[in-house]
2 protein chains.
Amino acid sequence: MSVSDFEQRRKRILELIIEAYVASAAPVGSEYVSKKLRSSLSPATIRNIMVDLEEAGLLEQPHTSAGRVPTDRGYRYYVDAVMDVHHLPQEELRQMAALIEPPELDVEELLERSGEALSQLTQQAAFVVAPTVKQSTMKQVELVPLGVRKILCVMVANEEIVSSSVVEVTEPMTRDEAAALARFMTTELAGLPFGGLLESLERRMLAQSDSFYHLVKRSLDILQHALSTEPEERLLLEGASYVIAQPEFLRDPRKAQELLRGLDAEDVLLQRLRQDAGGEGVRVRIGREVQVPGLDECSYLTASFAIHDEAIGGLGVLGPRRMDYRRMRALVEGMSRCVTDVLSRWERESS
Amino acid sequence: MSVSDFEQRRKRILELIIEAYVASAAPVGSEYVSKKLRSSLSPATIRNIMVDLEEAGLLEQPHTSAGRVPTDRGYRYYVDAVMDVHHLPQEELRQMAALIEPPELDVEELLERSGEALSQLTQQAAFVVAPTVKQSTMKQVELVPLGVRKILCVMVANEEIVSSSVVEVTEPMTRDEAAALARFMTTELAGLPFGGLLESLERRMLAQSDSFYHLVKRSLDILQHALSTEPEERLLLEGASYVIAQPEFLRDPRKAQELLRGLDAEDVLLQRLRQDAGGEGVRVRIGREVQVPGLDECSYLTASFAIHDEAIGGLGVLGPRRMDYRRMRALVEGMSRCVTDVLSRWERESS
DNA sequence: ATTAGCACTCTATTTTACTGAGTGCTAACA
DNA sequence: TGTTAGCACTCAGTAAAATAGAGTGCTAAT
């Protein structure tokens, strides 16, 4: 028997064990696997292979006389090298898009709906890392005087992402002054990424004491406040109850509590998710790879959604390590496609 | 012994039982109560009174040979007629205000921080029913053309509450047209409650086919879309893990799951909370009174916060029925005061 | 009206025994 | 050399039985 055949067989058996364990939440024994293979191999042989897989760190035994359970590394190997990639058929994608598209052009609601739908479809917790202007590029500024010394600063990143915040200024400003200043800011700053806005203005202020000094100073004042109010990113989280309902958590209330703690600390979770939510395709984090306190018994999958081929946010699914990665992958990928499609359709229709 | 003395004694004993149960989460026996009363009454006497209280529906026994546990009605009676009302001292209120006041004038963040602080202080779940323009009165409209047929519609309710949404219009609009229309809308609609805005415009359109017909029609178009995008209210929820950590839920994972389900269905919860979050003072809902599926083993307290003496939102605490209502009442009241104070201080400072 | 005394009830805990799934190992086999 | 039957062994999970003890309700005395 060739080495490749040998490897094939190990993969097949790992696959069977993982799929059975995902379905049943109970350790998987050699007899079950043997039967599934239509008796092409006896339980004893399976056991030998299982020992191999265990030594390779892909499986483990909860106790001496139990079946096997996948380890983090086992799942990882399964995800990377064993499971076949499944894509949702066009038809389902269309249904999904219809499900999540809100009656009005409203990114916020589109994302909320995506989260809800994803959570429903996967029966897991779903999350959306929603974009804010800060990741994006400045396009336009508007200033609206509200009270005596309050102005509303509206910053437009693109047609879909708008930020508005109330800023208090030291000296009152007339409507016309505000309009002029806004025009100045727009011409000066349009095209620049939000990240470098303040630095750019500061540099300008130092460099030349020109006739615009006053305008630059005022712009800087306002932007500083407006940007400090703006969050980096927002996290929408939906369907934690699905995860709690999984047997691993029902059996052990402490784990349930830990899970909730982890999800409650949104900042930490968000911090971690943004690292993965940017790139191409679907990323998978398994168990300890998650690296978030309280969530080390969980896994998540992320994918990004984009406008103009540029990723502006991410979405995904979070659940127990024991999840159907194949299906989850397909659904997360599908949903990210859907959101991207709807966004770009909006873009197209309105131009 | 007078009837009043009799009643006093019953109250005292109910109080002791509830307070002991709140602290220990275990049924309370007659001996414990007797000891707490410095042996002014023997356990046997206490038992007689306990039978009374049980017949009155204020206590119940988990089983024949256990101590007593308060019923919903028992807690209700305690809250309404037994416990003394406690107010936070000025000093603590000041500390609280310092804790929640964000570095920038930003209602959103003020409310988020209030929720977090309240959750921390009470070690329960905390919620904030955040205001949106829809509850309020129109003050000003601005229209900013974005794309070809997209305009940003900014509606100001007061200096703190601003709504902005992207609206798609059928015919393109120049900057000047937009400015004119916004001016028209502001003069026409300022002072009207958002609720009646559309009706008011519709009436006007029917009544007179004046020279403004076109402007009215355009206003209506835009407002319809802008308002439909705007949510009625938003719910911030913080610290669910504190509640899950309570022994009643740790002991029984099913109850934990039910709880999570209830909290996950934000719409239902929000719907219920807004009913209570408007009025004066602190409201308490206990157990089945909560009337939200999945949360019938919980209680919540709400209070409102206001600008210009008008309630614009609510906040409160949600936890197991077995909670320290006295302390919770004081903290919820204090937090609502704090938020109201900070808001009105902002108002004052900027005028 | 209050209380001491006591039998009684019922949960929770511990103990013990038992079952059975699944393993690892050995020896035989192809 | 890979595969397999056979078998002793391990160990979680369950059930049954015994025990402890907290707390009650009732009665009769004060």
# chains A, B, ... in the order shown; residues from 1 in each chain; ligands from 1

call {"tool": "interface_residues", "arguments": {"of": "chain C", "to": "chain A", "cutoff": "8 Å", "atoms": "only C-alpha atoms (C1' of nucleotides)", "output": "PyMOL selection string"}}
result
chain C and resi 21-23

call {"tool": "write_last_selection", "arguments": {"atoms": "N, CA and C atoms (P, O5', C5', C4', C3', O3' and C1' of nucleotides)", "output": "PDB file, in the first residue's frame"}}
result
ATOM      1  P    DA C  21     -23.117  -1.300  25.276  1.00  0.00           P
ATOM      2  O5'  DA C  21     -22.477   0.000  24.632  1.00  0.00           O
ATOM      3  C5'  DA C  21     -22.474   1.240  25.369  1.00  0.00           C
ATOM      4  C4'  DA C  21     -21.073   1.802  25.390  1.00  0.00           C
ATOM      5  C3'  DA C  21     -20.306   1.558  24.090  1.00  0.00           C
ATOM      6  O3'  DA C  21     -19.695   2.771  23.696  1.00  0.00           O
ATOM      7  C1'  DA C  21     -19.041   0.782  25.922  1.00  0.00           C
ATOM      8  P    DG C  22     -19.060   2.901  22.254  1.00  0.00           P
ATOM      9  O5'  DG C  22     -17.541   2.614  22.600  1.00  0.00           O
ATOM     10  C5'  DG C  22     -16.836   3.542  23.415  1.00  0.00           C
ATOM     11  C4'  DG C  22     -15.489   2.960  23.710  1.00  0.00           C
ATOM     12  C3'  DG C  22     -14.768   2.398  22.475  1.00  0.00           C
ATOM     13  O3'  DG C  22     -13.565   3.092  22.245  1.00  0.00           O
ATOM     14  C1'  DG C  22     -14.640   0.915  24.320  1.00  0.00           C
ATOM     15  P    DT C  23     -12.577   2.658  21.092  1.00  0.00           P
ATOM     16  O5'  DT C  23     -11.249   2.406  21.898  1.00  0.00           O
ATOM     17  C5'  DT C  23     -10.971   3.197  23.062  1.00  0.00           C
ATOM     18  C4'  DT C  23     -10.095   2.409  24.012  1.00  0.00           C
ATOM     19  C3'  DT C  23      -8.863   1.828  23.350  1.00  0.00           C
ATOM     20  O3'  DT C  23      -7.712   2.545  23.741  1.00  0.00           O
ATOM     21  C1'  DT C  23      -9.968   0.207  24.761  1.00  0.00           C
TER      22       DT C  23
END

call {"tool": "interface_residues", "arguments": {"of": "chain B", "to": "chain A", "cutoff": "9 Å", "atoms": "only C-alpha atoms", "output": "ChimeraX atom specification"}}
result
/B:103-106,109,140,142,144,146-152,156,158-160,162-168,225,228-229,238-242,244-245,249-254,256-265,350-351

call {"tool": "interface_residues", "arguments": {"of": "chain D", "to": "chain A", "cutoff": "10 Å", "atoms": "only C-alpha atoms (C1' of nucleotides)", "output": "NGL selection string"}}
result
:D and (2-5 or 9-12)

call {"tool": "write_last_selection", "arguments": {"atoms": "C-alpha atoms (C1' of nucleotides)", "output": "short mmCIF file (atom, residue, chain, number, x, y, z; two decimals), in the first residue's frame"}}
result
data_model
loop_
_atom_site.label_atom_id
_atom_site.label_comp_id
_atom_site.auth_asym_id
_atom_site.auth_seq_id
_atom_site.Cartn_x
_atom_site.Cartn_y
_atom_site.Cartn_z
"C1'" DG D 2 -0.74 -5.36 7.68
"C1'" DT D 3 -5.05 -7.22 9.47
"C1'" DT D 4 -8.04 -9.36 12.62
"C1'" DA D 5 -10.34 -12.17 16.35
"C1'" DC D 9 -9.27 -4.54 31.68
"C1'" DT D 10 -10.69 0.25 32.65
"C1'" DC D 11 -13.70 3.54 33.91
"C1'" DA D 12 -17.80 6.71 33.43
#

call {"tool": "residues_around", "arguments": {"residues": "DT19 (chain D)", "least_positions_apart": "3", "cutoff": "10 Å", "atoms": "only C-alpha atoms (C1' of nucleotides)", "output": "PyMOL selection string"}}
result
chain C and resi 13-15

call {"tool": "select_by_dssp", "arguments": {"residues": "region 32-219 of chain A", "states": "helix (DSSP H, G or I)", "output": "ChimeraX atom specification"}}
result
/A:32-36,43-55,72-82,90-100,107-122,133-135,175-189,194-207,213-219

call {"tool": "residues_around", "arguments": {"residues": "DA27 (chain C)", "least_positions_apart": "2", "cutoff": "10 Å", "atoms": "only C-alpha atoms (C1' of nucleotides)", "output": "VMD selection string"}}
result
(chain C and resid 25 29) or (chain D and resid 5 to 6)

call {"tool": "residues_around", "arguments": {"residues": "DG21 (chain D)", "least_positions_apart": "2", "cutoff": "10 Å", "atoms": "only C-alpha atoms (C1' of nucleotides)", "output": "PyMOL selection string"}}
result
(chain C and resi 11-12) or (chain D and resi 19+23)

call {"tool": "residues_around", "arguments": {"residues": "Phe184 (chain A)", "least_positions_apart": "5", "cutoff": "9 Å", "atoms": "only C-alpha atoms (C1' of nucleotides)", "output": "list of chain:residue names"}}
result
A:Val141, A:Ala179, A:Leu189, A:Leu215, A:Val216, A:Ser219

call {"tool": "atom_distance", "arguments": {"atom1": "CA of Gly115 (chain B)", "atom2": "CA of Leu315 (chain B)"}}
result
7.6 Å

call {"tool": "closest_residue", "arguments": {"among": "D:DT1, D:DT24, D:DC7, D:DA15", "to": "DT9 (chain C)", "atoms": "only C-alpha atoms (C1' of nucleotides)"}}
result
D:DT24

call {"tool": "residues_around", "arguments": {"residues": "DC18 (chain C)", "least_positions_apart": "6", "cutoff": "12 Å", "atoms": "only C-alpha atoms (C1' of nucleotides)", "output": "VMD selection string"}}
result
chain D and resid 13 to 16

call {"tool": "atom_distance", "arguments": {"atom1": "CA of Asp72 (chain B)", "atom2": "CA of Leu53 (chain B)"}}
result
12.8 Å

call {"tool": "closest_residue", "arguments": {"among": "B:Phe127, B:Phe305, B:Tyr21, B:Tyr78", "to": "Gly281 (chain B)", "atoms": "only C-alpha atoms"}}
result
B:Phe305

call {"tool": "select_by_dssp", "arguments": {"residues": "region 59-109 of chain B", "states": "strand (DSSP E or B)", "output": "list of chain:residue names"}}
result
B:Leu59, B:Glu60, B:Arg68, B:Val69, B:Pro70

call {"tool": "write_last_selection", "arguments": {"atoms": "N, CA and C atoms", "output": "compact mmCIF listing (two decimals), in the first residue's frame"}}
result
# COMPACT_ATOMS: atom_id res chain seq x y z
N LEU B 59 -45.39 33.67 50.86
CA LEU B 59 -44.27 32.72 50.94
C LEU B 59 -44.71 31.39 50.36
N GLU B 60 -43.73 30.56 50.05
CA GLU B 60 -44.06 29.19 49.69
C GLU B 60 -42.92 28.26 50.06
N ARG B 68 -38.86 28.50 53.94
CA ARG B 68 -39.74 29.25 53.04
C ARG B 68 -38.95 30.10 52.06
N VAL B 69 -39.63 30.36 50.98
CA VAL B 69 -39.08 31.17 49.90
C VAL B 69 -40.15 32.19 49.52
N PRO B 70 -39.77 33.41 49.18
CA PRO B 70 -40.79 34.40 48.83
C PRO B 70 -41.45 34.08 47.48

call {"tool": "closest_residue", "arguments": {"among": "A:Met50, A:Leu236, A:Glu116, A:Pro293", "to": "DG24 (chain C)", "atoms": "only C-alpha atoms (C1' of nucleotides)"}}
result
A:Met50

call {"tool": "decode", "arguments": {"residues": "chain C", "atoms": "C-alpha atoms (C1' of nucleotides)", "output": "PDB file, in the first residue's frame"}}
result
ATOM      1  C1'  DA C   1     -50.785  33.703  72.780  1.00  0.00           C
ATOM      2  C1'  DT C   2     -46.596  31.285  73.243  1.00  0.00           C
ATOM      3  C1'  DT C   3     -43.604  27.496  73.516  1.00  0.00           C
ATOM      4  C1'  DA C   4     -41.182  22.951  74.345  1.00  0.00           C
ATOM      5  C1'  DG C   5     -41.170  18.466  72.647  1.00  0.00           C
ATOM      6  C1'  DC C   6     -41.477  15.097  69.246  1.00  0.00           C
ATOM      7  C1'  DA C   7     -42.763  12.373  65.395  1.00  0.00           C
ATOM      8  C1'  DC C   8     -42.622  12.842  60.656  1.00  0.00           C
ATOM      9  C1'  DT C   9     -41.316  14.167  55.895  1.00  0.00           C
ATOM     10  C1'  DC C  10     -38.505  14.747  52.362  1.00  0.00           C
ATOM     11  C1'  DT C  11     -34.171  16.262  50.071  1.00  0.00           C
ATOM     12  C1'  DA C  12     -29.461  15.768  49.565  1.00  0.00           C
ATOM     13  C1'  DT C  13     -25.413  13.066  50.182  1.00  0.00           C
ATOM     14  C1'  DT C  14     -22.816   9.107  50.427  1.00  0.00           C
ATOM     15  C1'  DT C  15     -22.040   4.252  49.603  1.00  0.00           C
ATOM     16  C1'  DT C  16     -22.163   0.285  46.992  1.00  0.00           C
ATOM     17  C1'  DA C  17     -22.923  -2.444  43.249  1.00  0.00           C
ATOM     18  C1'  DC C  18     -23.506  -3.058  38.510  1.00  0.00           C
ATOM     19  C1'  DT C  19     -23.580  -2.322  33.584  1.00  0.00           C
ATOM     20  C1'  DG C  20     -21.549  -1.699  29.273  1.00  0.00           C
ATOM     21  C1'  DA C  21     -19.041   0.782  25.922  1.00  0.00           C
ATOM     22  C1'  DG C  22     -14.640   0.915  24.320  1.00  0.00           C
ATOM     23  C1'  DT C  23      -9.968   0.207  24.761  1.00  0.00           C
ATOM     24  C1'  DG C  24      -5.103  -2.033  24.430  1.00  0.00           C
ATOM     25  C1'  DC C  25      -2.715  -6.081  23.912  1.00  0.00           C
ATOM     26  C1'  DT C  26      -1.597 -10.664  22.238  1.00  0.00           C
ATOM     27  C1'  DA C  27      -1.520 -14.175  19.224  1.00  0.00           C
ATOM     28  C1'  DA C  28      -3.038 -16.029  15.004  1.00  0.00           C
ATOM     29  C1'  DC C  29      -3.679 -15.258  10.144  1.00  0.00           C
ATOM     30  C1'  DA C  30      -3.254 -13.783   5.026  1.00  0.00           C
TER      31       DA C  30
END
